[in-house]
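Containing JSON, C-alpha atoms and all ligand atoms: input10.json.
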```json
[["chain", "number", "residue", "atom", "x", "y", "z"],
["A", 23, "MET", "CA", -8.59, -24.89, -14.48],
["A", 24, "PRO", "CA", -5.62, -23.59, -16.51],
["A", 25, "HIS", "CA", -2.29, -25.22, -15.83],
["A", 26, "ILE", "CA", 0.37, -22.76, -14.63],
["A", 27, "ALA", "CA", 3.94, -24.01, -14.92],
["A", 28, "PRO", "CA", 6.24, -23.33, -11.94],
["A", 29, "PHE", "CA", 8.39, -20.25, -12.31],
["A", 30, "VAL", "CA", 10.87, -18.06, -10.42],
["A", 31, "THR", "CA", 11.08, -14.29, -10.62],
["A", 32, "GLU", "CA", 14.14, -12.41, -9.34],
["A", 33, "VAL", "CA", 13.39, -9.58, -6.92],
["A", 34, "ASP", "CA", 15.63, -6.54, -6.56],
["A", 35, "PHE", "CA", 15.24, -5.64, -2.87],
["A", 36, "ALA", "CA", 16.33, -2.01, -3.30],
["A", 37, "SER", "CA", 14.14, -1.08, -6.27],
["A", 38, "GLY", "CA", 11.36, -3.66, -6.10],
["A", 39, "GLU", "CA", 12.06, -4.59, -9.70],
["A", 40, "LEU", "CA", 10.67, -8.02, -10.62],
["A", 41, "SER", "CA", 12.38, -9.81, -13.50],
["A", 42, "MET", "CA", 9.11, -11.40, -14.65],
["A", 43, "ALA", "CA", 6.67, -8.58, -13.94],
["A", 44, "ASP", "CA", 3.51, -8.82, -16.05],
["A", 45, "TYR", "CA", 2.41, -5.35, -15.01],
["A", 46, "VAL", "CA", 3.76, -2.13, -13.52],
["A", 47, "ILE", "CA", 1.35, 0.35, -11.93],
["A", 48, "GLN", "CA", 2.46, 3.85, -11.05],
["A", 49, "ARG", "CA", 0.42, 5.98, -8.65],
["A", 50, "ARG", "CA", 1.16, 9.66, -8.88],
["A", 51, "LEU", "CA", 0.03, 12.50, -6.66],
["A", 52, "SER", "CA", -2.77, 13.40, -9.10],
["A", 53, "ASP", "CA", -4.19, 9.87, -8.65],
["A", 54, "MET", "CA", -4.68, 10.39, -4.92],
["A", 55, "ALA", "CA", -4.47, 14.10, -4.07],
["A", 56, "SER", "CA", -7.86, 14.06, -2.34],
["A", 57, "MET", "CA", -6.75, 11.16, -0.09],
["A", 58, "TYR", "CA", -4.26, 13.38, 1.74],
["A", 59, "ALA", "CA", -5.52, 15.40, 4.70],
["A", 60, "ASP", "CA", -3.89, 18.54, 3.28],
["A", 61, "GLU", "CA", -5.30, 18.45, -0.25],
["A", 62, "ALA", "CA", -4.25, 22.09, -0.77],
["A", 63, "ALA", "CA", -0.62, 21.06, -0.18],
["A", 64, "ALA", "CA", -1.06, 18.30, -2.78],
["A", 65, "ARG", "CA", -2.42, 20.82, -5.34],
["A", 66, "ARG", "CA", 0.43, 23.24, -4.56],
["A", 67, "ILE", "CA", 3.10, 20.54, -5.08],
["A", 68, "MET", "CA", 1.51, 19.53, -8.41],
["A", 69, "ALA", "CA", 1.48, 23.17, -9.58],
["A", 70, "GLU", "CA", 5.04, 23.89, -8.45],
["A", 71, "GLU", "CA", 6.98, 20.68, -9.13],
["A", 72, "GLY", "CA", 4.71, 18.52, -11.33],
["A", 73, "ASP", "CA", 3.07, 15.17, -10.77],
["A", 74, "ARG", "CA", 5.25, 13.37, -8.24],
["A", 75, "LEU", "CA", 5.54, 9.55, -8.26],
["A", 76, "ILE", "CA", 4.18, 8.30, -4.92],
["A", 77, "TYR", "CA", 4.47, 4.53, -5.44],
["A", 78, "GLU", "CA", 5.00, 1.81, -8.01],
["A", 79, "VAL", "CA", 3.72, -1.78, -8.03],
["A", 80, "GLN", "CA", 5.29, -4.59, -10.10],
["A", 81, "GLY", "CA", 3.43, -7.85, -10.16],
["A", 82, "VAL", "CA", 2.90, -11.31, -11.55],
["A", 83, "GLU", "CA", -0.57, -11.75, -13.04],
["A", 84, "LEU", "CA", -2.34, -15.02, -12.21],
["A", 85, "PRO", "CA", -5.89, -16.19, -12.90],
["A", 86, "ALA", "CA", -8.39, -15.00, -10.26],
["A", 87, "GLU", "CA", -9.31, -18.48, -9.12],
["A", 88, "GLU", "CA", -9.08, -20.56, -5.96],
["A", 89, "GLY", "CA", -5.55, -21.55, -4.98],
["A", 90, "GLN", "CA", -3.63, -19.10, -7.16],
["A", 91, "ILE", "CA", -1.25, -16.89, -5.15],
["A", 92, "PRO", "CA", -0.55, -13.55, -6.87],
["A", 93, "HIS", "CA", 2.46, -11.62, -5.58],
["A", 94, "CYS", "CA", 3.99, -8.23, -6.22],
["A", 95, "THR", "CA", 6.41, -5.62, -4.96],
["A", 96, "THR", "CA", 5.53, -2.08, -3.92],
["A", 97, "ARG", "CA", 8.08, 0.75, -3.82],
["A", 98, "ILE", "CA", 6.91, 3.88, -2.01],
["A", 99, "THR", "CA", 9.08, 6.95, -2.64],
["A", 100, "PRO", "CA", 10.17, 9.09, 0.34],
["A", 101, "GLY", "CA", 8.47, 12.42, 1.00],
["A", 102, "ARG", "CA", 5.48, 14.15, 2.52],
["A", 103, "ILE", "CA", 2.34, 15.93, 1.36],
["A", 104, "GLY", "CA", 1.97, 18.68, 3.95],
["A", 105, "ASP", "CA", 3.12, 16.76, 7.02],
["A", 106, "GLU", "CA", 1.66, 13.40, 5.91],
["A", 107, "TYR", "CA", 4.12, 10.78, 4.65],
["A", 108, "HIS", "CA", 3.88, 9.24, 1.16],
["A", 109, "MET", "CA", 1.51, 6.26, 1.30],
["A", 110, "THR", "CA", -0.49, 3.79, -0.77],
["A", 111, "LYS", "CA", -4.19, 4.32, -1.44],
["A", 112, "GLY", "CA", -5.11, 1.36, 0.74],
["A", 113, "HIS", "CA", -8.03, -1.01, 0.39],
["A", 114, "TYR", "CA", -10.20, -3.73, 1.87],
["A", 115, "HIS", "CA", -10.23, -7.00, 0.01],
["A", 116, "ALA", "CA", -13.47, -7.36, -1.95],
["A", 117, "ARG", "CA", -13.76, -10.74, -0.25],
["A", 118, "ARG", "CA", -13.21, -9.48, 3.25],
["A", 119, "GLU", "CA", -12.33, -12.94, 4.59],
["A", 120, "GLN", "CA", -9.05, -13.04, 2.62],
["A", 121, "GLY", "CA", -5.83, -12.06, 4.43],
["A", 122, "GLU", "CA", -2.39, -11.22, 3.09],
["A", 123, "VAL", "CA", 1.33, -11.25, 4.00],
["A", 124, "TYR", "CA", 3.74, -8.33, 3.46],
["A", 125, "PHE", "CA", 7.51, -8.81, 3.68],
["A", 126, "GLY", "CA", 9.83, -5.78, 4.07],
["A", 127, "LEU", "CA", 12.68, -5.69, 1.52],
["A", 128, "SER", "CA", 14.30, -2.28, 2.08],
["A", 129, "GLY", "CA", 13.75, 1.05, 3.79],
["A", 130, "ARG", "CA", 11.30, 1.54, 6.63],
["A", 131, "GLY", "CA", 7.65, 2.29, 7.02],
["A", 132, "CYS", "CA", 4.47, 1.20, 8.66],
["A", 133, "LEU", "CA", 1.33, -0.72, 7.89],
["A", 134, "VAL", "CA", -1.92, 0.94, 8.98],
["A", 135, "MET", "CA", -4.88, -1.42, 9.29],
["A", 136, "GLN", "CA", -8.49, -1.04, 10.36],
["A", 137, "THR", "CA", -11.67, -3.06, 10.49],
["A", 138, "GLU", "CA", -15.17, -1.96, 9.58],
["A", 139, "SER", "CA", -16.15, -2.43, 13.23],
["A", 140, "GLY", "CA", -13.75, 0.28, 14.42],
["A", 141, "GLU", "CA", -10.44, -1.35, 15.37],
["A", 142, "THR", "CA", -7.14, 0.22, 14.24],
["A", 143, "SER", "CA", -3.60, -1.19, 14.21],
["A", 144, "VAL", "CA", -0.32, 0.44, 13.15],
["A", 145, "GLN", "CA", 2.68, -1.90, 12.73],
["A", 146, "GLU", "CA", 6.23, -0.82, 11.96],
["A", 147, "MET", "CA", 8.00, -2.51, 9.07],
["A", 148, "VAL", "CA", 11.69, -2.68, 8.15],
["A", 149, "ALA", "CA", 13.70, -4.95, 5.83],
["A", 150, "GLY", "CA", 13.02, -8.47, 7.09],
["A", 151, "SER", "CA", 9.63, -7.78, 8.71],
["A", 152, "ALA", "CA", 6.89, -10.25, 7.80],
["A", 153, "ALA", "CA", 3.62, -8.47, 8.50],
["A", 154, "TYR", "CA", 0.31, -10.29, 8.62],
["A", 155, "VAL", "CA", -2.85, -8.59, 7.38],
["A", 156, "PRO", "CA", -5.62, -10.72, 8.85],
["A", 157, "PRO", "CA", -8.96, -11.23, 7.10],
["A", 158, "PHE", "CA", -11.34, -8.23, 7.39],
["A", 159, "TRP", "CA", -8.61, -5.59, 7.88],
["A", 160, "ALA", "CA", -8.18, -2.73, 5.38],
["A", 161, "HIS", "CA", -4.50, -1.99, 4.81],
["A", 162, "ARG", "CA", -2.31, 0.93, 3.75],
["A", 163, "THR", "CA", 1.50, 1.22, 3.83],
["A", 164, "ILE", "CA", 3.42, 4.41, 4.55],
["A", 165, "ASN", "CA", 7.07, 5.33, 3.93],
["A", 166, "LEU", "CA", 8.54, 6.78, 7.16],
["A", 167, "GLY", "CA", 12.13, 7.00, 5.94],
["A", 168, "GLU", "CA", 14.26, 9.13, 3.65],
["A", 169, "GLU", "CA", 14.85, 6.25, 1.18],
["A", 170, "ASP", "CA", 12.42, 4.16, -0.85],
["A", 171, "PHE", "CA", 10.36, 1.75, 1.26],
["A", 172, "VAL", "CA", 10.02, -1.55, -0.63],
["A", 173, "PHE", "CA", 8.01, -4.63, 0.35],
["A", 174, "PHE", "CA", 6.69, -7.84, -1.16],
["A", 175, "SER", "CA", 3.00, -8.86, -0.93],
["A", 176, "ILE", "CA", 1.39, -12.29, -1.26],
["A", 177, "TRP", "CA", -2.37, -12.89, -1.31],
["A", 178, "GLU", "CA", -5.04, -15.28, -2.58],
["A", 179, "ALA", "CA", -6.22, -14.66, -6.11],
["A", 180, "ARG", "CA", -9.91, -14.32, -5.31],
["A", 181, "ALA", "CA", -9.41, -11.64, -2.65],
["A", 182, "GLY", "CA", -10.10, -8.77, -5.05],
["A", 183, "HIS", "CA", -9.57, -5.10, -4.18],
["A", 184, "ASP", "CA", -12.21, -2.73, -2.82],
["A", 185, "TYR", "CA", -10.85, 0.82, -2.95],
["A", 186, "GLY", "CA", -14.24, 2.56, -2.70],
["A", 187, "ALA", "CA", -14.71, 2.56, 1.08],
["A", 188, "ILE", "CA", -11.24, 4.04, 1.68],
["A", 189, "GLU", "CA", -11.59, 6.57, -1.16],
["A", 190, "ARG", "CA", -14.85, 7.74, 0.42],
["A", 191, "ASP", "CA", -14.02, 7.63, 4.16],
["A", 192, "GLY", "CA", -10.23, 7.37, 4.44],
["A", 193, "PHE", "CA", -8.49, 5.69, 7.38],
["A", 194, "ARG", "CA", -9.26, 6.68, 10.98],
["A", 195, "VAL", "CA", -5.63, 7.47, 11.72],
["A", 196, "LEU", "CA", -3.01, 9.40, 9.78],
["A", 197, "VAL", "CA", 0.74, 9.17, 10.19],
["A", 198, "VAL", "CA", 2.34, 12.62, 10.08],
["A", 199, "MET", "CA", 5.72, 14.16, 10.85],
["A", 200, "ARG", "CA", 5.82, 16.01, 14.20],
["A", 201, "ASP", "CA", 9.16, 17.49, 15.34],
["A", 202, "GLY", "CA", 10.91, 15.33, 12.76],
["A", 203, "GLN", "CA", 9.32, 12.09, 14.03],
["A", 204, "PRO", "CA", 6.35, 10.04, 12.85],
["A", 205, "ALA", "CA", 3.22, 10.54, 14.96],
["A", 206, "MET", "CA", -0.27, 9.04, 14.76],
["A", 207, "VAL", "CA", -3.15, 11.50, 14.71],
["A", 208, "ASP", "CA", -6.89, 11.19, 14.17],
["A", 209, "ASN", "CA", -7.95, 11.85, 10.59],
["A", 210, "PRO", "CA", -10.08, 15.01, 10.64],
["A", 211, "LYS", "CA", -11.65, 14.00, 7.30],
["A", 212, "TYR", "CA", -12.61, 10.44, 8.37],
["A", 213, "GLY", "CA", -16.10, 9.26, 7.45],
["A", 301, "LIG", "C1", -2.56, -6.53, -2.60],
["A", 301, "LIG", "C2", -1.93, -5.55, -1.69],
["A", 301, "LIG", "C3", -0.68, -4.81, -2.12],
["A", 301, "LIG", "C4", -1.12, -3.44, -2.65],
["A", 301, "LIG", "C5", 0.01, -2.52, -3.08],
["A", 301, "LIG", "C6", -0.49, -1.15, -3.54],
["A", 301, "LIG", "O1", -3.73, -7.05, -2.05],
["A", 301, "LIG", "O2", -2.42, -5.29, -0.62],
["A", 301, "LIG", "O3", 0.05, -5.52, -3.04],
["A", 301, "LIG", "O4", -2.03, -3.64, -3.73],
["A", 301, "LIG", "O5", 0.89, -2.32, -2.01],
["A", 301, "LIG", "O6", -1.42, -0.60, -2.65],
["A", 301, "LIG", "P1", -2.91, -0.24, -3.16],
["A", 301, "LIG", "O7", -3.48, -1.50, -3.77],
["A", 301, "LIG", "O8", -3.63, 0.16, -1.93],
["A", 301, "LIG", "O9", -2.79, 0.83, -4.18],
["A", 302, "ZN", "ZN", -4.37, -6.24, -0.12]]
```

Representation of the structure as structure tokens:
Amino acid sequence: MPHIAPFVTEVDFASGELSMADYVIQRRLSDMASMYADEAAARRIMAEEGDRLIYEVQGVELPAEEGQIPHCTTRITPGRIGDEYHMTKGHYHARREQGEVYFGLSGRGCLVMQTESGETSVQEMVAGSAAYVPPFWAHRTINLGEEDFVFFSIWEARAGHDYGAIERDGFRVLVVMRDGQPAMVDNPKYG
């Protein structure tokens, strides 16, 4: 087992910038246009304004072995595609029995979770919220505010990421703007 020396990375709560980030991932609208219920709206935005940044992840890379605790920040920009708020792709962990903790740093949003057996949970998150993603729950975060929504994630290194099921089926519920407020609706494209 490789020896990892202790380290500290400074986190900027407003931007999600990590002083010791080993990687930065940017997800743009073109990376996930088909994940939005209104894919036509996504295509229109790309044609009219270009390829919008939806979210950015900055993380510390650690070996994928028992006991290592990778961690990262995610910054979701504000905005909507049609009436659906900017969101992450979302995933199950490849090892379904691995959970995760999210901690809100700035802005506001929600965490949508679901299990393969049909349960759904939507939890609000603000700066200071510690949200628990239990084992077996797929998870996606959504920016419900007009500012960036930034949070910190901590998980076990062997969890792995399974994006395929969500790319294929989506989540059962969507969070959309109705009369200026967030509302949960059934996903017409689910499954
Ligand atoms: C890690 C985790 C988060 C997300 C990040 C981006 O297990 O859940 O750090 O990876 O918020 O979302 P995805 O991975 O769905 O693109
Ligand atoms: Zn995860």

Just how far from CA of Pro100 (chain A) is CA of Glu71 (chain A), in Å to one decimal? 15.3 Å

Which chains and residue numbers are within 12 Å of ligand ZN 302 (chain A), counting only C-alpha atoms and all ligand atoms, if I want them as a PyMOL selection string? chain A and resi 92-96+110-124+133-135+153-163+174-185

Polymer residues at most 10 Å from Glu32 (chain A), all atoms listed in the file, same-chain spacing of 2 or more positions, as a ChimeraX atom specification: /A:30,34-35,38-43

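Counting only C-alpha atoms and all ligand atoms, the residue from A:Asp208, A:Asp191, A:Glu169, A:Asp53 that sits nearest to ligand LIG 301 (chain A) is A:Asp53.
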
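You can rank A:Ala62, A:Leu84, A:Ile98, A:Val195 by their closest distance to ligand LIG 301 (chain A) using all atoms listed in the file, and at the top of that list sits A:Ile98.
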
Quick one, how far is CA of Glu189 (chain A) from CA of Val172 (chain A)?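 We find that CA of Glu189 (chain A) and CA of Val172 (chain A) lie 23.1 Å from each other.
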
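For the residues A:Ala187, A:Ile67, A:Ile47, A:Cys132, ranking by smallest atom-to-atom distance to ligand LIG 301 (chain A) using all atoms listed in the file places A:Ile47 first.
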
Could you check the closest approach to Arg49 (chain A) for each of A:His25, A:His108, A:Arg102, A:Arg65 and tell me which residue wins, using all atoms listed in the file?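 Among the listed residues, the smallest separation from Arg49 (chain A) belongs to A:His108.
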
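For the residues A:Phe29, A:Tyr45, A:Tyr212, A:Phe173, ranking by smallest atom-to-atom distance to Gly192 (chain A) using only C-alpha atoms places A:Tyr212 first.
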
Close residues, Asp44 (chain A) itself excluded, 6 Å, all atoms listed in the file, min 3 positions apart in chain, as a PDB file with C-alpha atoms, in the frame of the given file:
```pdb
ATOM      1  CA  GLY A  81       3.430  -7.850 -10.160  1.00  0.00           C
ATOM      2  CA  VAL A  82       2.900 -11.310 -11.550  1.00  0.00           C
ATOM      3  CA  GLU A  83      -0.570 -11.750 -13.040  1.00  0.00           C
TER       4      GLU A  83
END
```
